[in-house]
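J.: A single structure is presented below for examination.
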Amino acid sequence: MAEPRVFPLRCPVRNYAWGQHGLRSAVAQLVASGDPAASIEPERPYAELWMGAHPSGAAEVLDGRDPPQALGSWLAEHLACLGPKVCDAFGGQLPFLFKVLSVRTALSIQAHPNKELAAKLHVQFPQHYPDANHKPEMAIALTPFEGLCGFRPVEEIAAFLRAVPELRALVGEVAAEQLERSASHDPRGVSAALRVCFTCLMKSKKETFGQQLSLLVERISQQAAEGQDTSASNGDLLLRLHAQFPGDIGCFSIYFLNVVRLEPGEAMFLAANEPHAYLQGDCVECMACSDNTVRAGLTPKFIDVLTLCEMLNYTPAPSSSKIFPAVQSPLDPCVFIYDPPVPDFTLMRIEIPSSIKLYLISALDSASILLVIQGTAMGTSTAAASEMTLRRGSVIFISANESISLHLSSSEGMLLFRACCLL
């Protein structure tokens with residue numbers, strides 16, 4: 001028999017401190033369901049599941065050989081399995097990394113550079129920016145998910161500048177008044193005024209912002225203890241972030257950035273130069289293969305405030321505009337497509353109702369990775385070595401131009417996500 005081109009993957013887990021602990025983590029739940037022999041430690045964080053060929057965490061090919069081969073080295077020997085267009089466009093590399101994230105505490109205030117800036121930063125600071133690629137990302141909620149994304153409408157920021165004197169003290173009266181005037185009388189100057197305000201905040205001296213943050217936390221805590229409404233100061237979120245990152249300048253970012261709440265199946269797309277942070281919840285994520293992240297708060301890692309403030313997109317927009325729509329496939333009503341404006345990846349959500357007992361995962365002209373979130377089935381393919389049992393947590397690599405027939409055995413139907421590259 002020819003070497004299989006459809007096969008299961010064993011995927012590495014990342015135990016970052018911000019991850020949810022034990023089986024409270026969707027990552028740990030998927031690992032435990034996909035591999036009954038897996039051991040989950042109750043107090044260990046299970047933050048990310050990496051499904052791809054990233055050199056610092058490649059999945060292993062489970063095609064019967066011992067020891068299993070890393071997916072990246074397998075693809076280097078089987079370039080045609082990527083698909084000709086993908087192979088040509090991305091130099092024989094799988095262009096995306098597919099993940100599951102389980103977020104317990106906030107990730108950093110960050111943005112990702114475009115290709116031009118990534119190349120420049122990589123030359124100047126290779127220890128902090130290890131490659132020359134961009135890193136667009138998309139997150140699709142598995143559970144109610146919360147994050148920060150993009151600058152708020154300027155009227156909301158101006159309202160916080162009036163309601164939160166500690167914020168106004170850091171921004172400065174001149175910059176605050178400039179933003180307020182632009183909101184009312186100079187819409188063309190909004191982005192410039194917003195840049196000045198945010199830069200003044202983020203470049204505040206540590207002693208100064210530390211004092212103002214202490215005053216703010218003390219004031220909000222007292223108001224909360226007295227049963228007062230603290231929503232005008234975004235009090236609940238402020239206290240939560242300060243408990244996680246005490247004394248961090250990033251706590252003030254909630255007054256500039258949209259709080260975006262996603263229900264399961266809803267998505268955020270994080271383009272180049274879009275300020276963002278994940279706050280809590282479980283999601284699937286797909287990203288271009290890069291490690292370039294510019295951080296400026298809510299993190300113990302390297303921060304680069306000057307680069308972040310210079311690179312950001314300062315176009316304000318409401319939080320509702322940050323929810324990326326899925327489009328139902330005209331060819332298959334079970335498939336919902338998230339197709340971002342970048343060539344590196346596309347995501348599909350596949351919802352198979354319980355009434356369907358035989359379903360075809362269609363062939364694409366791109367290699368893809370399939371993740372099972374819910375349901376069970378037996379999978380068969382002419383390109384597989386044998387039948388494959390698919391259950392919650394199963395991860396399957398599908399070469400370009402190959403398909404899988406699913407014989408469903410669960411009464412609940414199935415929920416799957418598929419990452420691919422549609423050029």
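Each chain of the structure tokens is named A, B, ... in the order shown, its residues numbered from 1; ligands are numbered from 1 in display order.
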Which residues, written as a compact mmCIF listing (two decimals) with C-alpha atoms, in the first residue's frame, have at least one atom at most 9 Å from region 70-78 of chain A, with only C-alpha atoms counted and residues fewer than 4 positions away on the same chain left out?
T.:
# COMPACT_ATOMS: atom_id res chain seq x y z
CA LEU A 9 -1.56 13.58 14.78
CA GLY A 52 0.86 22.04 12.99
CA ALA A 53 4.49 21.91 11.91
CA HIS A 54 5.89 24.89 13.84
CA PRO A 55 9.57 24.10 14.47
CA ALA A 58 5.57 20.23 15.71
CA ALA A 59 2.88 17.58 15.88
CA GLU A 60 3.89 13.95 15.42
CA VAL A 61 2.65 11.81 12.55
CA LEU A 82 0.64 20.57 0.77
CA GLY A 92 7.15 24.25 0.82
CA GLN A 93 6.04 25.12 4.37
CA LEU A 94 2.68 24.65 6.07
J.: Near region 312-317 of chain A, within 9 Å and counting only C-alpha atoms, which residues show up once chain neighbours fewer than 6 positions away are dropped, as a PyMOL selection string?
T.: chain A and resi 111+113+150-154+190-192+194-195+257-258+272-275
J.: Using only C-alpha atoms, determine which residues lie at most 7 Å from region 241-253 of chain A, disregarding the query and same-chain residues fewer than 3 positions distant; provide the list as a PDB file with N, CA, C and O atoms, in the first residue's frame.
T.:
ATOM      1  N   THR A 105      -5.996  33.599  32.990  1.00  0.00           N
ATOM      2  CA  THR A 105      -5.660  34.992  33.281  1.00  0.00           C
ATOM      3  C   THR A 105      -5.233  35.671  31.981  1.00  0.00           C
ATOM      4  O   THR A 105      -4.863  35.015  31.013  1.00  0.00           O
ATOM      5  N   ILE A 109      -1.073  42.828  26.580  1.00  0.00           N
ATOM      6  CA  ILE A 109      -1.462  43.856  25.620  1.00  0.00           C
ATOM      7  C   ILE A 109      -0.427  43.781  24.501  1.00  0.00           C
ATOM      8  O   ILE A 109       0.772  43.993  24.726  1.00  0.00           O
ATOM      9  N   MET A 202       1.049  55.131  27.769  1.00  0.00           N
ATOM     10  CA  MET A 202       1.940  53.983  27.807  1.00  0.00           C
ATOM     11  C   MET A 202       3.383  54.367  28.116  1.00  0.00           C
ATOM     12  O   MET A 202       4.164  53.532  28.581  1.00  0.00           O
ATOM     13  N   PHE A 209       2.675  56.186  37.012  1.00  0.00           N
ATOM     14  CA  PHE A 209       1.487  55.364  36.757  1.00  0.00           C
ATOM     15  C   PHE A 209       1.210  54.431  37.919  1.00  0.00           C
ATOM     16  O   PHE A 209       0.053  54.068  38.187  1.00  0.00           O
ATOM     17  N   GLY A 210       2.256  54.043  38.661  1.00  0.00           N
ATOM     18  CA  GLY A 210       2.045  53.214  39.840  1.00  0.00           C
ATOM     19  C   GLY A 210       1.228  53.937  40.902  1.00  0.00           C
ATOM     20  O   GLY A 210       0.317  53.351  41.520  1.00  0.00           O
ATOM     21  N   LEU A 213      -2.415  54.315  39.554  1.00  0.00           N
ATOM     22  CA  LEU A 213      -3.121  53.034  39.571  1.00  0.00           C
ATOM     23  C   LEU A 213      -3.522  52.655  40.995  1.00  0.00           C
ATOM     24  O   LEU A 213      -4.630  52.155  41.233  1.00  0.00           O
ATOM     25  N   LEU A 237     -13.614  44.960  35.693  1.00  0.00           N
ATOM     26  CA  LEU A 237     -12.483  44.494  34.883  1.00  0.00           C
ATOM     27  C   LEU A 237     -11.174  45.063  35.404  1.00  0.00           C
ATOM     28  O   LEU A 237     -10.154  44.361  35.440  1.00  0.00           O
ATOM     29  N   LEU A 238     -11.187  46.315  35.830  1.00  0.00           N
ATOM     30  CA  LEU A 238      -9.963  46.907  36.374  1.00  0.00           C
ATOM     31  C   LEU A 238      -9.465  46.105  37.571  1.00  0.00           C
ATOM     32  O   LEU A 238      -8.269  45.758  37.643  1.00  0.00           O
ATOM     33  N   PHE A 256      -9.073  52.384  26.701  1.00  0.00           N
ATOM     34  CA  PHE A 256      -8.828  52.701  25.297  1.00  0.00           C
ATOM     35  C   PHE A 256      -9.309  51.597  24.354  1.00  0.00           C
ATOM     36  O   PHE A 256      -9.708  51.882  23.220  1.00  0.00           O
ATOM     37  N   LEU A 257      -9.247  50.341  24.791  1.00  0.00           N
ATOM     38  CA  LEU A 257      -9.520  49.218  23.899  1.00  0.00           C
ATOM     39  C   LEU A 257     -10.910  48.633  24.138  1.00  0.00           C
ATOM     40  O   LEU A 257     -11.397  48.599  25.271  1.00  0.00           O
ATOM     41  N   GLY A 297       2.297  45.493  28.015  1.00  0.00           N
ATOM     42  CA  GLY A 297       1.671  45.475  29.333  1.00  0.00           C
ATOM     43  C   GLY A 297       1.014  44.143  29.613  1.00  0.00           C
ATOM     44  O   GLY A 297       0.836  43.312  28.717  1.00  0.00           O
ATOM     45  N   LEU A 298       0.639  43.923  30.889  1.00  0.00           N
ATOM     46  CA  LEU A 298       0.016  42.685  31.358  1.00  0.00           C
ATOM     47  C   LEU A 298       0.872  41.475  31.024  1.00  0.00           C
ATOM     48  O   LEU A 298       0.384  40.436  30.575  1.00  0.00           O
TER      49      LEU A 298
END
J.: Using only C-alpha atoms, which of A:Ala367, A:Ala377, A:Val335, A:Ile40 sits nearest Ser399 (chain A)?
T.: A:Ala367
J.: For Ser56 (chain A), which residue among A:Leu117, A:Cys87, A:Cys11, A:Ala28 is the nearest when counting only C-alpha atoms?
T.: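 Comparing A:Leu117, A:Cys87, A:Cys11, A:Ala28 against Ser56 (chain A), the winner is A:Cys11.
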J.: Can you list, as a VMD selection string, every residue of region 29-141 of chain A that DSSP puts in strand (DSSP E or B)?
T.: chain A and resid 45 to 46 48 to 51 60 to 61 69 to 70 96 to 103 109 to 111 137 to 141
J.: Do you have the CA of Gly57 (chain A)-CA of Arg14 (chain A) distance handy?
T.: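 Atom-to-atom, CA of Gly57 (chain A) and CA of Arg14 (chain A) are spaced 8.9 Å apart.
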J.: Assign secondary structure with DSSP using the backbone only, and return the residues of region 145-188 of chain A in alpha helix (DSSP H) as a ChimeraX atom specification.
T.: /A:154-163,165-171,173-185
J.: Nearest to Leu107 (chain A): which of A:Ile140, A:Ala224, A:Leu30, A:Leu148 is it, counting only C-alpha atoms?
T.: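 When distances to Leu107 (chain A) are compared using only C-alpha atoms, the smallest one comes from A:Leu148.
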J.: Measure the distance from CA of Met287 (chain A) to CA of Pro67 (chain A) in Å and round it to one decimal.
T.: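 Computing it gives 28.4 Å between the two atoms.
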J.: When you look at Thr199 (chain A) with a cut-off of 9 Å (counting only C-alpha atoms), what residues show up, excluding the ones that are within fewer than 3 positions of it in the same chain? I need them as a count of residues only.
T.: 11
J.: Separation of CA of Asp339 (chain A) and CA of Gly375 (chain A), in Å?
T.: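 Distance reported for this atom pair: 25.0 Å.
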J.: For Thr389 (chain A), please output as a PDB file with all heavy atoms, in the first residue's frame all residues within 10 Å (counting only C-alpha atoms; exclusion window: fewer than 3 positions along the same chain).
T.:
ATOM      1  N   PRO A   8      -3.759  10.370  11.814  1.00  0.00           N
ATOM      2  CA  PRO A   8      -3.885  11.112  13.068  1.00  0.00           C
ATOM      3  C   PRO A   8      -2.567  11.809  13.431  1.00  0.00           C
ATOM      4  O   PRO A   8      -1.480  11.403  13.002  1.00  0.00           O
ATOM      5  CB  PRO A   8      -4.227  10.027  14.095  1.00  0.00           C
ATOM      6  CG  PRO A   8      -4.647   8.841  13.301  1.00  0.00           C
ATOM      7  CD  PRO A   8      -3.897   8.920  12.004  1.00  0.00           C
ATOM      8  N   GLY A  34      -8.956  12.565  23.643  1.00  0.00           N
ATOM      9  CA  GLY A  34      -8.298  12.024  22.463  1.00  0.00           C
ATOM     10  C   GLY A  34      -7.347  10.894  22.764  1.00  0.00           C
ATOM     11  O   GLY A  34      -7.107  10.024  21.921  1.00  0.00           O
ATOM     12  N   THR A 376     -18.559  11.352  17.894  1.00  0.00           N
ATOM     13  CA  THR A 376     -17.688  10.229  17.534  1.00  0.00           C
ATOM     14  C   THR A 376     -18.081   9.698  16.161  1.00  0.00           C
ATOM     15  O   THR A 376     -19.237   9.788  15.740  1.00  0.00           O
ATOM     16  CB  THR A 376     -17.804   9.080  18.566  1.00  0.00           C
ATOM     17  OG1 THR A 376     -19.171   8.678  18.668  1.00  0.00           O
ATOM     18  CG2 THR A 376     -17.293   9.523  19.924  1.00  0.00           C
ATOM     19  N   ALA A 377     -17.081   9.156  15.479  1.00  0.00           N
ATOM     20  CA  ALA A 377     -17.307   8.598  14.150  1.00  0.00           C
ATOM     21  C   ALA A 377     -16.155   7.678  13.809  1.00  0.00           C
ATOM     22  O   ALA A 377     -15.059   7.759  14.391  1.00  0.00           O
ATOM     23  CB  ALA A 377     -17.429   9.703  13.106  1.00  0.00           C
ATOM     24  N   MET A 378     -16.386   6.816  12.841  1.00  0.00           N
ATOM     25  CA  MET A 378     -15.318   6.037  12.239  1.00  0.00           C
ATOM     26  C   MET A 378     -14.982   6.706  10.911  1.00  0.00           C
ATOM     27  O   MET A 378     -15.873   6.970  10.101  1.00  0.00           O
ATOM     28  CB  MET A 378     -15.759   4.587  12.012  1.00  0.00           C
ATOM     29  CG  MET A 378     -14.620   3.676  11.560  1.00  0.00           C
ATOM     30  SD  MET A 378     -13.332   3.528  12.838  1.00  0.00           S
ATOM     31  CE  MET A 378     -14.218   2.600  14.097  1.00  0.00           C
ATOM     32  N   GLY A 379     -13.709   7.011  10.724  1.00  0.00           N
ATOM     33  CA  GLY A 379     -13.285   7.682   9.508  1.00  0.00           C
ATOM     34  C   GLY A 379     -12.578   6.728   8.561  1.00  0.00           C
ATOM     35  O   GLY A 379     -11.721   5.936   8.987  1.00  0.00           O
ATOM     36  N   THR A 380     -12.943   6.783   7.288  1.00  0.00           N
ATOM     37  CA  THR A 380     -12.286   5.965   6.279  1.00  0.00           C
ATOM     38  C   THR A 380     -11.842   6.847   5.130  1.00  0.00           C
ATOM     39  O   THR A 380     -12.485   7.853   4.799  1.00  0.00           O
ATOM     40  CB  THR A 380     -13.228   4.875   5.742  1.00  0.00           C
ATOM     41  OG1 THR A 380     -14.384   5.496   5.171  1.00  0.00           O
ATOM     42  CG2 THR A 380     -13.657   3.933   6.848  1.00  0.00           C
ATOM     43  N   SER A 386      -5.597   2.773   7.606  1.00  0.00           N
ATOM     44  CA  SER A 386      -6.665   1.943   8.148  1.00  0.00           C
ATOM     45  C   SER A 386      -7.796   2.854   8.594  1.00  0.00           C
ATOM     46  O   SER A 386      -7.697   4.079   8.501  1.00  0.00           O
ATOM     47  CB  SER A 386      -6.153   1.120   9.346  1.00  0.00           C
ATOM     48  OG  SER A 386      -5.701   1.987  10.376  1.00  0.00           O
ATOM     49  N   SER A 394      -9.602  14.227  18.870  1.00  0.00           N
ATOM     50  CA  SER A 394      -8.856  13.669  17.736  1.00  0.00           C
ATOM     51  C   SER A 394      -8.404  14.791  16.809  1.00  0.00           C
ATOM     52  O   SER A 394      -9.149  15.739  16.541  1.00  0.00           O
ATOM     53  CB  SER A 394      -9.717  12.676  16.954  1.00  0.00           C
ATOM     54  OG  SER A 394     -10.058  11.549  17.729  1.00  0.00           O
ATOM     55  N   LEU A 406     -17.012   9.966   7.086  1.00  0.00           N
ATOM     56  CA  LEU A 406     -17.289   9.788   8.507  1.00  0.00           C
ATOM     57  C   LEU A 406     -18.576   8.981   8.670  1.00  0.00           C
ATOM     58  O   LEU A 406     -19.624   9.343   8.132  1.00  0.00           O
ATOM     59  CB  LEU A 406     -17.448  11.141   9.199  1.00  0.00           C
ATOM     60  CG  LEU A 406     -16.250  12.094   9.174  1.00  0.00           C
ATOM     61  CD1 LEU A 406     -16.567  13.350   9.981  1.00  0.00           C
ATOM     62  CD2 LEU A 406     -14.997  11.412   9.716  1.00  0.00           C
ATOM     63  N   HIS A 407     -18.482   7.893   9.432  1.00  0.00           N
ATOM     64  CA  HIS A 407     -19.639   7.080   9.784  1.00  0.00           C
ATOM     65  C   HIS A 407     -19.956   7.398  11.238  1.00  0.00           C
ATOM     66  O   HIS A 407     -19.306   6.886  12.153  1.00  0.00           O
ATOM     67  CB  HIS A 407     -19.325   5.597   9.587  1.00  0.00           C
ATOM     68  CG  HIS A 407     -18.918   5.262   8.175  1.00  0.00           C
ATOM     69  ND1 HIS A 407     -19.786   4.706   7.252  1.00  0.00           N
ATOM     70  CD2 HIS A 407     -17.729   5.433   7.513  1.00  0.00           C
ATOM     71  CE1 HIS A 407     -19.161   4.544   6.097  1.00  0.00           C
ATOM     72  NE2 HIS A 407     -17.903   4.972   6.224  1.00  0.00           N
TER      73      HIS A 407
END
J.: Between A:Arg5, A:Pro341, A:Arg261, A:Trp18, which one has atoms that come closest to Thr143 (chain A), using only C-alpha atoms?
T.: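 The shortest atom-to-atom distance to Thr143 (chain A) comes from A:Arg261.
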J.: Using only C-alpha atoms, find the one residue out of A:Thr299, A:Ser405, A:Gly393, A:Ala383 that sits nearest to Asp35 (chain A).
T.: A:Gly393
J.: For Ser102 (chain A), please output as a tab-separated table (two decimals) with N, CA and C atoms, in the first residue's frame all residues within 12 Å (counting only C-alpha atoms; exclusion window: fewer than 3 positions along the same chain).
T.:
chain	number	residue	atom	x	y	z
A	13	VAL	N	1.41	20.06	23.96
A	13	VAL	CA	0.69	20.98	24.85
A	13	VAL	C	1.67	21.98	25.42
A	14	ARG	N	1.22	23.23	25.57
A	14	ARG	CA	2.03	24.26	26.22
A	14	ARG	C	1.41	24.59	27.57
A	15	ASN	N	2.23	24.54	28.61
A	15	ASN	CA	1.75	24.72	29.99
A	15	ASN	C	2.08	26.11	30.52
A	16	TYR	N	1.73	27.14	29.75
A	16	TYR	CA	2.00	28.51	30.18
A	16	TYR	C	1.18	28.84	31.44
A	17	ALA	N	1.73	29.74	32.26
A	17	ALA	CA	1.10	30.03	33.56
A	17	ALA	C	-0.30	30.61	33.43
A	18	TRP	N	-0.62	31.25	32.30
A	18	TRP	CA	-1.95	31.86	32.16
A	18	TRP	C	-3.04	30.85	31.81
A	19	GLY	N	-2.65	29.59	31.59
A	19	GLY	CA	-3.63	28.58	31.18
A	19	GLY	C	-4.54	28.13	32.31
A	20	GLN	N	-5.67	27.59	31.93
A	20	GLN	CA	-6.60	27.03	32.90
A	20	GLN	C	-6.02	25.72	33.46
A	21	HIS	N	-6.32	25.43	34.72
A	21	HIS	CA	-5.71	24.30	35.41
A	21	HIS	C	-6.49	23.01	35.21
A	22	GLY	N	-5.73	21.90	35.07
A	22	GLY	CA	-6.31	20.57	35.05
A	22	GLY	C	-7.44	20.43	34.05
A	23	LEU	N	-8.44	19.65	34.42
A	23	LEU	CA	-9.55	19.39	33.52
A	23	LEU	C	-10.55	20.53	33.43
A	24	ARG	N	-10.27	21.65	34.11
A	24	ARG	CA	-11.04	22.86	33.85
A	24	ARG	C	-10.65	23.47	32.50
A	25	SER	N	-9.51	23.05	31.98
A	25	SER	CA	-8.99	23.54	30.71
A	25	SER	C	-9.57	22.74	29.55
A	26	ALA	N	-10.06	23.45	28.52
A	26	ALA	CA	-10.53	22.76	27.31
A	26	ALA	C	-9.38	22.01	26.64
A	27	VAL	N	-8.17	22.54	26.74
A	27	VAL	CA	-7.00	21.86	26.18
A	27	VAL	C	-6.83	20.50	26.84
A	28	ALA	N	-6.84	20.47	28.18
A	28	ALA	CA	-6.68	19.22	28.90
A	28	ALA	C	-7.83	18.26	28.61
A	29	GLN	N	-9.05	18.78	28.51
A	29	GLN	CA	-10.19	17.92	28.21
A	29	GLN	C	-10.02	17.26	26.85
A	30	LEU	N	-9.57	18.01	25.86
A	30	LEU	CA	-9.37	17.45	24.52
A	30	LEU	C	-8.27	16.40	24.53
A	45	PRO	N	-1.25	24.14	34.70
A	45	PRO	CA	-1.96	24.88	33.65
A	45	PRO	C	-1.80	24.21	32.29
A	46	TYR	N	-2.91	24.07	31.58
A	46	TYR	CA	-2.92	23.55	30.22
A	46	TYR	C	-3.42	24.67	29.32
A	47	ALA	N	-2.47	25.41	28.70
A	47	ALA	CA	-2.79	26.67	28.05
A	47	ALA	C	-3.06	26.52	26.55
A	48	GLU	N	-2.23	25.76	25.85
A	48	GLU	CA	-2.33	25.71	24.39
A	48	GLU	C	-2.09	24.29	23.89
A	49	LEU	N	-2.83	23.92	22.86
A	49	LEU	CA	-2.59	22.70	22.09
A	49	LEU	C	-2.16	23.15	20.70
A	99	LYS	N	-4.40	26.07	16.75
A	99	LYS	CA	-4.27	25.91	18.19
A	99	LYS	C	-5.63	25.81	18.86
A	105	THR	N	-6.00	33.60	32.99
A	105	THR	CA	-5.66	34.99	33.28
A	105	THR	C	-5.23	35.67	31.98
A	106	ALA	N	-5.27	36.98	31.98
A	106	ALA	CA	-5.09	37.76	30.75
A	106	ALA	C	-3.73	37.52	30.11
A	107	LEU	N	-3.75	37.50	28.78
A	107	LEU	CA	-2.50	37.54	28.02
A	107	LEU	C	-2.13	39.00	27.80
A	139	ALA	N	-9.35	34.02	16.30
A	139	ALA	CA	-9.82	33.23	17.44
A	139	ALA	C	-11.31	32.99	17.29
A	140	ILE	N	-11.74	31.74	17.45
A	140	ILE	CA	-13.16	31.36	17.42
A	140	ILE	C	-13.50	30.77	18.78
A	141	ALA	N	-14.51	31.33	19.43
A	141	ALA	CA	-14.84	30.92	20.79
A	141	ALA	C	-15.41	29.51	20.84
A	142	LEU	N	-14.91	28.72	21.80
A	142	LEU	CA	-15.50	27.42	22.13
A	142	LEU	C	-16.44	27.54	23.33
A	143	THR	N	-16.11	28.46	24.22
A	143	THR	CA	-16.95	28.79	25.37
A	143	THR	C	-17.10	30.31	25.35
A	144	PRO	N	-17.96	30.90	26.18
A	144	PRO	CA	-17.97	32.37	26.24
A	144	PRO	C	-16.55	32.89	26.44
A	145	PHE	N	-16.14	33.81	25.57
A	145	PHE	CA	-14.74	34.23	25.47
A	145	PHE	C	-14.67	35.74	25.52
A	146	GLU	N	-13.67	36.26	26.21
A	146	GLU	CA	-13.55	37.70	26.41
A	146	GLU	C	-12.15	38.16	26.02
A	278	TYR	N	-6.17	38.64	24.96
A	278	TYR	CA	-7.18	37.68	25.39
A	278	TYR	C	-7.31	37.79	26.91
A	279	LEU	N	-8.54	37.73	27.42
A	279	LEU	CA	-8.76	37.91	28.85
A	279	LEU	C	-9.17	36.61	29.54
A	280	GLN	N	-10.14	35.88	28.97
A	280	GLN	CA	-10.54	34.60	29.57
A	280	GLN	C	-11.43	33.83	28.62
A	281	GLY	N	-11.40	32.50	28.78
A	281	GLY	CA	-12.25	31.63	27.98
A	281	GLY	C	-11.44	30.65	27.14
A	282	ASP	N	-12.15	29.83	26.38
A	282	ASP	CA	-11.54	28.81	25.52
A	282	ASP	C	-11.85	29.13	24.07
A	283	CYS	N	-10.86	28.93	23.20
A	283	CYS	CA	-11.06	29.21	21.79
A	283	CYS	C	-10.17	28.30	20.95
A	284	VAL	N	-10.55	28.15	19.67
A	284	VAL	CA	-9.60	27.66	18.68
A	284	VAL	C	-9.00	28.89	18.02
A	285	GLU	N	-7.74	28.78	17.64
A	285	GLU	CA	-7.03	29.91	17.05
A	285	GLU	C	-6.22	29.40	15.86
J.: Quick one: everything within 7 Å of region 342-352 of chain A, counting only C-alpha atoms, minus sequence neighbours fewer than 3 positions away in the same chain. Send it as an MDAnalysis selection string.
T.: chainID A and resid 95:96 288 334:339 356 413:423
